[in-house]
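Shown below: data-v3.tsv, with TSV, C-alpha atoms.
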```tsv
chain	number	residue	atom	x	y	z
Q	56	MET	CA	19.21	1.77	12.16
Q	57	THR	CA	18.53	5.48	12.41
Q	58	ALA	CA	14.99	6.70	12.61
Q	59	SER	CA	13.87	8.18	9.32
Q	60	VAL	CA	10.32	8.87	10.51
Q	61	SER	CA	9.84	11.01	13.59
Q	62	VAL	CA	8.04	9.77	16.69
Q	63	VAL	CA	5.61	12.68	16.28
Q	64	ASP	CA	4.68	11.49	12.77
Q	65	LYS	CA	4.31	7.89	13.94
Q	66	LYS	CA	2.06	8.96	16.82
Q	67	ALA	CA	-0.08	11.06	14.50
Q	68	PHE	CA	-0.43	8.13	12.12
Q	69	VAL	CA	-1.30	5.58	14.82
Q	70	ARG	CA	-3.93	7.95	16.29
Q	71	TRP	CA	-5.39	8.54	12.81
Q	72	PHE	CA	-5.38	4.81	12.08
Q	73	LEU	CA	-7.09	3.88	15.36
Q	74	LYS	CA	-9.69	6.60	14.82
Q	75	ASN	CA	-10.51	5.53	11.25
Q	76	TYR	CA	-10.23	1.73	11.27
Q	77	GLN	CA	-11.43	-1.19	13.35
Q	78	LEU	CA	-8.94	-4.02	13.79
Q	79	LYS	CA	-9.93	-7.68	13.62
Q	80	ARG	CA	-8.33	-8.38	17.02
Q	81	ARG	CA	-8.77	-6.13	20.05
Q	82	GLU	CA	-5.23	-7.03	21.19
Q	83	CYS	CA	-3.93	-5.12	18.18
Q	84	VAL	CA	-5.62	-1.98	19.50
Q	85	TRP	CA	-3.91	-2.55	22.86
Q	86	ILE	CA	-0.52	-2.94	21.17
Q	87	LEU	CA	-0.94	0.22	19.09
Q	88	ASN	CA	-2.10	2.17	22.15
Q	89	TYR	CA	0.92	0.86	24.06
Q	90	LEU	CA	3.17	2.17	21.30
Q	91	LEU	CA	1.56	5.61	21.69
Q	92	SER	CA	2.55	5.63	25.36
Q	93	ASN	CA	6.22	4.72	24.84
Q	94	ASP	CA	8.34	7.11	22.76
Q	95	GLU	CA	11.52	5.02	23.12
Q	96	LEU	CA	9.74	1.97	21.78
Q	97	LEU	CA	8.06	3.95	19.01
Q	98	LYS	CA	11.50	5.06	17.79
Q	99	ARG	CA	12.24	1.41	16.99
Q	100	ILE	CA	8.97	0.79	15.14
Q	101	ARG	CA	9.06	0.69	11.33
Q	102	PHE	CA	5.87	0.61	9.27
Q	103	VAL	CA	6.59	-1.51	6.19
Q	104	GLU	CA	4.96	-3.72	3.60
Q	105	GLU	CA	5.64	-7.48	3.50
Q	106	ALA	CA	6.75	-7.50	7.14
Q	107	HIS	CA	6.91	-11.30	7.24
Q	108	TYR	CA	10.37	-11.04	5.63
Q	109	CYS	CA	11.68	-9.09	8.63
Q	110	PRO	CA	13.45	-10.74	11.59
Q	111	ARG	CA	10.92	-9.33	14.09
Q	112	ALA	CA	7.53	-8.24	12.85
Q	113	MET	CA	3.81	-7.94	13.43
Q	114	VAL	CA	1.04	-8.01	10.87
Q	115	MET	CA	-2.33	-6.55	11.85
Q	116	SER	CA	-5.49	-6.32	9.75
Q	117	THR	CA	-8.65	-4.27	9.85
Q	118	VAL	CA	-12.09	-5.84	9.64
Q	119	ASP	CA	-12.55	-4.54	6.09
Q	120	SER	CA	-9.34	-6.13	4.75
Q	121	THR	CA	-8.68	-9.68	3.61
Q	122	GLY	CA	-5.45	-10.01	5.59
Q	123	VAL	CA	-4.86	-12.36	8.51
Q	124	PRO	CA	-6.14	-10.87	11.79
Q	125	PHE	CA	-2.73	-10.96	13.49
Q	126	ARG	CA	0.69	-12.54	13.08
Q	127	PHE	CA	3.93	-12.15	15.01
Q	128	TYR	CA	7.22	-13.19	13.45
Q	129	LYS	CA	10.51	-13.59	15.27
Q	130	GLY	CA	13.30	-15.40	13.52
Q	131	ASN	CA	11.81	-18.60	12.14
Q	132	VAL	CA	8.87	-18.56	14.54
Q	133	MET	CA	5.39	-17.34	13.64
Q	134	THR	CA	2.45	-17.11	16.01
Q	135	ALA	CA	-1.04	-15.65	16.10
Q	136	ASP	CA	-0.72	-15.15	19.88
Q	137	ALA	CA	-0.87	-11.37	20.38
Q	138	GLU	CA	-0.03	-11.67	24.09
Q	139	LYS	CA	3.32	-13.34	23.30
Q	140	SER	CA	4.16	-10.58	20.85
Q	141	PHE	CA	3.18	-7.91	23.37
Q	142	HIS	CA	5.44	-9.59	25.95
Q	143	ASP	CA	8.31	-9.69	23.41
Q	144	LEU	CA	7.69	-6.05	22.53
Q	145	ARG	CA	8.04	-5.01	26.18
Q	146	LEU	CA	11.09	-7.21	26.87
Q	147	HIS	CA	13.03	-6.17	23.76
Q	148	GLU	CA	12.06	-2.55	23.31
Q	149	HIS	CA	15.53	-1.65	22.02
Q	150	GLU	CA	15.22	-3.97	19.01
Q	151	ASP	CA	13.61	-2.89	15.76
Q	152	MET	CA	10.02	-4.06	15.22
Q	153	TYR	CA	8.49	-3.99	11.76
Q	154	ILE	CA	4.73	-3.56	11.52
Q	155	GLN	CA	2.54	-4.22	8.51
Q	156	LEU	CA	-1.01	-2.88	8.64
Q	157	ASN	CA	-3.52	-4.40	6.24
Q	158	PHE	CA	-6.32	-1.93	5.58
Q	159	PRO	CA	-8.16	-0.47	2.58
Q	160	ASN	CA	-5.60	1.97	1.27
Q	161	ILE	CA	-6.43	2.77	-2.35
Q	162	PRO	CA	-5.51	5.45	-3.04
Q	163	PRO	CA	-2.79	5.49	-0.34
Q	164	SER	CA	-3.51	7.99	2.40
Q	165	ALA	CA	-1.06	10.80	3.07
Q	166	GLN	CA	-0.93	9.74	6.73
Q	167	TYR	CA	0.22	6.23	5.80
Q	168	LEU	CA	2.71	7.38	3.18
Q	169	ALA	CA	4.25	9.73	5.77
Q	170	VAL	CA	5.31	6.78	7.95
Q	171	LEU	CA	5.75	3.96	5.42
Q	172	GLU	CA	9.40	2.91	5.13
Q	173	GLU	CA	11.16	0.69	2.65
Q	174	ASN	CA	11.48	-2.87	3.89
Q	175	PRO	CA	15.24	-3.57	4.08
Q	176	TYR	CA	14.59	-7.34	4.25
Q	177	MET	CA	12.55	-7.58	1.07
Q	178	PRO	CA	14.12	-10.15	-1.26
Q	179	GLU	CA	15.73	-8.54	-4.30
Q	180	ALA	CA	13.64	-10.68	-6.64
Q	181	LEU	CA	10.46	-9.06	-5.30
Q	182	ILE	CA	11.61	-5.46	-5.56
Q	183	VAL	CA	10.33	-3.79	-8.69
Q	184	SER	CA	13.16	-1.94	-10.38
Q	185	GLU	CA	12.68	1.51	-11.85
Q	186	LYS	CA	13.20	0.03	-15.32
Q	187	ASP	CA	10.46	-2.57	-14.71
Q	188	ARG	CA	8.13	0.11	-13.37
Q	189	LEU	CA	8.66	2.28	-16.45
Q	190	LEU	CA	8.09	-0.70	-18.75
Q	191	ALA	CA	4.86	-1.54	-16.93
Q	192	GLU	CA	3.67	2.08	-17.20
Q	193	GLU	CA	4.47	2.13	-20.92
Q	194	LEU	CA	2.63	-1.16	-21.48
Q	195	LEU	CA	-0.38	0.18	-19.61
Q	196	SER	CA	-0.36	3.43	-21.58
Q	197	ASN	CA	-0.10	1.58	-24.89
Q	198	SER	CA	-2.91	-0.78	-23.91
Q	199	LEU	CA	-5.09	2.18	-23.00
Q	200	LEU	CA	-4.39	3.87	-26.34
Q	201	VAL	CA	-5.24	0.69	-28.26
Q	202	PHE	CA	-8.47	0.32	-26.27
Q	203	GLN	CA	-9.46	3.96	-26.88
Q	204	GLU	CA	-8.68	3.64	-30.58
Q	205	GLU	CA	-10.73	0.43	-30.93
Q	206	LYS	CA	-13.64	2.02	-29.09
Q	207	LEU	CA	-13.56	5.09	-31.35
Q	208	LEU	CA	-13.37	2.91	-34.48
Q	209	ALA	CA	-16.43	0.95	-33.32
Q	210	GLN	CA	-18.30	4.21	-32.69
Q	211	ILE	CA	-17.26	5.52	-36.12
Q	212	ASP	CA	-18.62	2.31	-37.74
Q	213	GLU	CA	-21.86	2.77	-35.81
Q	214	ALA	CA	-22.16	6.40	-36.98
Q	215	LEU	CA	-21.62	5.28	-40.58
Q	216	ASP	CA	-24.24	2.52	-40.23
Q	217	GLN	CA	-26.72	5.09	-38.92
Q	218	GLY	CA	-25.82	7.63	-41.60
Q	219	ASN	CA	-24.92	10.19	-38.90
Q	220	GLU	CA	-22.41	12.35	-40.79
Q	221	GLU	CA	-21.95	14.90	-37.97
Q	222	ARG	CA	-21.13	12.16	-35.42
Q	223	PHE	CA	-18.80	10.50	-37.96
Q	224	TYR	CA	-16.73	13.70	-38.37
Q	225	GLU	CA	-16.72	14.36	-34.63
Q	226	LEU	CA	-15.43	10.85	-33.85
Q	227	SER	CA	-12.95	10.95	-36.77
Q	228	ASN	CA	-11.47	14.16	-35.35
Q	229	LEU	CA	-11.21	12.53	-31.91
Q	230	LEU	CA	-9.46	9.52	-33.46
Q	231	GLN	CA	-7.03	11.78	-35.30
Q	232	ALA	CA	-6.26	13.69	-32.08
Q	233	LEU	CA	-5.70	10.42	-30.25
Q	234	LYS	CA	-3.25	9.25	-32.93
Q	235	GLU	CA	-1.38	12.57	-32.83
Q	236	THR	CA	-1.10	12.31	-29.04
Q	237	ALA	CA	0.24	8.76	-29.39
Q	238	ASN	CA	2.83	9.91	-31.93
Q	239	LEU	CA	4.07	12.66	-29.60
Q	240	ARG	CA	5.05	10.09	-27.00
```

Just dump the structure as structure tokens.
Amino acid sequence: MTASVSVVDKKAFVRWFLKNYQLKRRECVWILNYLLSNDELLKRIRFVEEAHYCPRAMVMSTVDSTGVPFRFYKGNVMTADAEKSFHDLRLHEHEDMYIQLNFPNIPPSAQYLAVLEENPYMPEALIVSEKDRLLAEELLSNSLLVFQEEKLLAQIDEALDQGNEERFYELSNLLQALKETANLR
């Protein structure tokens, strides 16, 4: 597999990550610092989501995430022993290693997005197609429009109940604009 993310970018990300987050296990800090010291090894590191689907992977979590503190996957074996994974990392530095970092990332940081790669081992059934994504966006947009319309109608009813003619016309104009925007889509 050719490197799509440069070693320089990976180093910058790992430094940023270590500076901004505290990991649940100190061994994870050691592993990430070891990666910083070994450019050849860092070339084989891929930052992905859902790393447990990969043939050789590590999952590390920060203290402010709900993820497991640490997991190492190799073939059908999974362990929480960070020392074994570190040993495997050193012995097989010419094999790809996939790393998943669980940390608060909403909205996603530019540093993370710069190194995040597509997981080639993700099962097809879990990959959201472009068509599905567009359908989900449309559903969300329609739901939002319906919610806004219902809220405006409730406010219009309230203005009528209070005899507030000015507020009634203001809200009616907003409702009309909302409907025109919806029709343009």

### Query
Taking into account only C-alpha atoms, which residue in the set Q:Val170, Q:Cys109, Q:Val123, Q:Ala209 is nearest to Val60 of chain Q?
Q:Val170

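Summary of the local environment: counting all atoms listed in the file, residues at most 10 Å from Tyr76 of chain Q, other than itself and those fewer than 3 positions away along its chain, are Trp71, Phe72, Leu73, Lys79, Ser116, Thr117, Val118, Asp119, Phe158 and Pro159 of chain Q.
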
I'd like the neighbourhood of segment 126-140 of chain Q as a PDB file with C-alpha atoms, in the coordinates of the input, where a residue qualifies if any of its atoms comes within 9 Å (using only C-alpha atoms), though same-chain residues fewer than 6 positions away should be ignored.
```
ATOM      1  CA  ARG Q  80      -8.330  -8.380  17.020  1.00  0.00           C
ATOM      2  CA  GLU Q  82      -5.230  -7.030  21.190  1.00  0.00           C
ATOM      3  CA  CYS Q  83      -3.930  -5.120  18.180  1.00  0.00           C
ATOM      4  CA  ILE Q  86      -0.520  -2.940  21.170  1.00  0.00           C
ATOM      5  CA  ALA Q 106       6.750  -7.500   7.140  1.00  0.00           C
ATOM      6  CA  HIS Q 107       6.910 -11.300   7.240  1.00  0.00           C
ATOM      7  CA  TYR Q 108      10.370 -11.040   5.630  1.00  0.00           C
ATOM      8  CA  CYS Q 109      11.680  -9.090   8.630  1.00  0.00           C
ATOM      9  CA  PRO Q 110      13.450 -10.740  11.590  1.00  0.00           C
ATOM     10  CA  ARG Q 111      10.920  -9.330  14.090  1.00  0.00           C
ATOM     11  CA  ALA Q 112       7.530  -8.240  12.850  1.00  0.00           C
ATOM     12  CA  MET Q 113       3.810  -7.940  13.430  1.00  0.00           C
ATOM     13  CA  VAL Q 114       1.040  -8.010  10.870  1.00  0.00           C
ATOM     14  CA  MET Q 115      -2.330  -6.550  11.850  1.00  0.00           C
TER      15      MET Q 115
END
```

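Here the question is which of Q:Glu105, Q:Glu235, Q:Asp94, Q:Glu213 gets nearest to Glu173 of chain Q using only C-alpha atoms, and that residue is Q:Glu105.
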
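Nearest to Leu90 of chain Q of all the residues Q:Leu208, Q:Ala67, Q:Ala214, Q:Met177 is Q:Ala67, based on only C-alpha atoms.
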
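Atom CA of Leu96 of chain Q lies 9.0 Å from atom CA of His147 of chain Q.
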
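Put simply, atom CA of Glu95 of chain Q is 25.7 Å away from atom CA of Gln77 of chain Q.
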
### Task
Would you mind listing what lies within 10 Å of segment 195-200 of chain Q as a PyMOL selection string, with all atoms listed in the file counted and same-chain residues fewer than 5 positions away left out?
chain Q and resi 189-190+205-206+233-234+236-237

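Of note, atom CA of Glu204 of chain Q and atom CA of Ala232 of chain Q are spaced 10.4 Å apart.
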
### Message
Need to verify the contact set: Val63 of chain Q, 12 Å, all atoms listed in the file, exclusion of same-chain residues closer than 2 positions in sequence. Can you return it as a ChimeraX atom specification?
### Response
/Q:58-61,65-70,90-95,97-98,166,169-170
